[in-house]
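K.L.:
Provided herewith is a single structure, encoded as C-alpha cells, for subsequent inquiry.
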Amino acid sequence: WDIQREFYFAFVLEGKTGGYVMVGSAEGGVEIEEVSKNNPDAIVTSPVNFQEGLGMDQARKFAKDMGFADKYIEPAAVNMVRMYDLAKASDATQVEINPFIETP
C-alpha cells in the first residue's frame, strides 16, 4: 500500500451507558495512549446512541472531524458503520483500526 496519511479509529464500549463511543485521531500508526498523553487535543470522541446505532450522517461528521480529506469522508464513514455493526454483533468491548489510512 502507498500510504498518504494514517489515522487511529476505534469503538470503545462505555461502561456507564453500555453504548459505544467513537474515538479517532489524525495521529494514527502510533500508540493512542501516547497521543492521549502528549497531544490530547488530537483525539476526538463521539458517543453513539445505542438505540439508533451509527448512521451515515454521524459517521461522515466524525470522519470530517478526524481530518479525512473530502474525497475520503464517504469511504471512511462506510467503514465506520461496518465496524460499528461488527462491534455490536460480536458484543466487543473495543474494536480499532490503527492505522486507518488514506492512499494517494
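Numbering starts fresh at 1 for the residues of each chain in the C-alpha cells, the chains themselves are lettered A, B, ... in the order given, and ligands are numbered from 1 as they appear.
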Tell me, as number ranges by chain, which residues lie within 9 Å of Ala26 (chain A), counting only C-alpha atoms; anything in the same chain fewer than 4 positions away does not count.
P.N.:
A: 5-9, 42-43, 66-68
K.L.:
Mind listing the strand (DSSP E) residues of chain A, per DSSP on the backbone, as a list in words?
P.N.:
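Put together, the selection reads Arg5, Glu6, Phe7, Tyr8, Phe9, Ala10, Phe11, Val12, Leu13, Tyr20, Val21, Met22, Val23, Gly24, Ser25, Ile43, Val44, Thr45, Ser46, Pro47, Gln94, Val95, Glu96, Ile97, Asn98, Pro99, Phe100, Ile101 and Glu102 of chain A.
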K.L.:
Just the selected residues (C-alpha atoms), exported as a short mmCIF file (atom, residue, chain, number, x, y, z; two decimals), in the first residue's frame, please.
P.N.:
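selection_22.cif was written with the following content:
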data_model
loop_
_atom_site.label_atom_id
_atom_site.label_comp_id
_atom_site.auth_asym_id
_atom_site.auth_seq_id
_atom_site.Cartn_x
_atom_site.Cartn_y
_atom_site.Cartn_z
CA ARG A 5 -1.92 9.64 5.87
CA GLU A 6 -2.52 7.48 8.92
CA PHE A 7 -5.39 7.81 11.41
CA TYR A 8 -6.48 5.98 14.54
CA PHE A 9 -10.12 4.90 14.86
CA ALA A 10 -11.94 2.79 17.44
CA PHE A 11 -15.22 1.95 19.07
CA VAL A 12 -14.90 1.58 22.82
CA LEU A 13 -17.71 0.27 25.00
CA TYR A 20 -20.14 2.70 22.20
CA VAL A 21 -18.02 5.81 21.90
CA MET A 22 -16.13 6.56 18.69
CA VAL A 23 -12.52 7.56 19.29
CA GLY A 24 -10.41 8.99 16.49
CA SER A 25 -7.19 10.82 15.82
CA ILE A 43 -8.19 12.96 19.87
CA VAL A 44 -11.87 13.37 19.02
CA THR A 45 -14.73 11.37 20.53
CA SER A 46 -18.42 10.98 19.90
CA PRO A 47 -20.95 8.74 21.68
CA GLN A 94 -13.24 -2.45 21.75
CA VAL A 95 -12.65 -2.59 18.01
CA GLU A 96 -9.91 -0.47 16.43
CA ILE A 97 -8.07 0.22 13.20
CA ASN A 98 -4.55 1.57 13.57
CA PRO A 99 -3.60 2.78 11.11
CA PHE A 100 -6.81 3.71 9.30
CA ILE A 101 -5.25 5.06 6.11
CA GLU A 102 -5.70 7.38 3.16
#
K.L.:
Of the candidates A:Thr103, A:Asn49, A:Ser90, A:Asn39, which one gets nearest to Gly19 (chain A) if we count only C-alpha atoms?
P.N.:
A:Asn49
K.L.:
Identify, with DSSP run on backbone atoms, the residues in chain A assigned to helix (DSSP H, G or I), and express the list as an MDAnalysis selection string.
P.N.:
chainID A and resid 32:38 40:42 56:66 70:90
K.L.:
Tell me which of A:Pro40, A:Gly29, A:Gly15, A:Gly53 sits closest to Val81 (chain A), counting only C-alpha atoms.
P.N.:
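The closest residue to Val81 (chain A) is A:Gly53.
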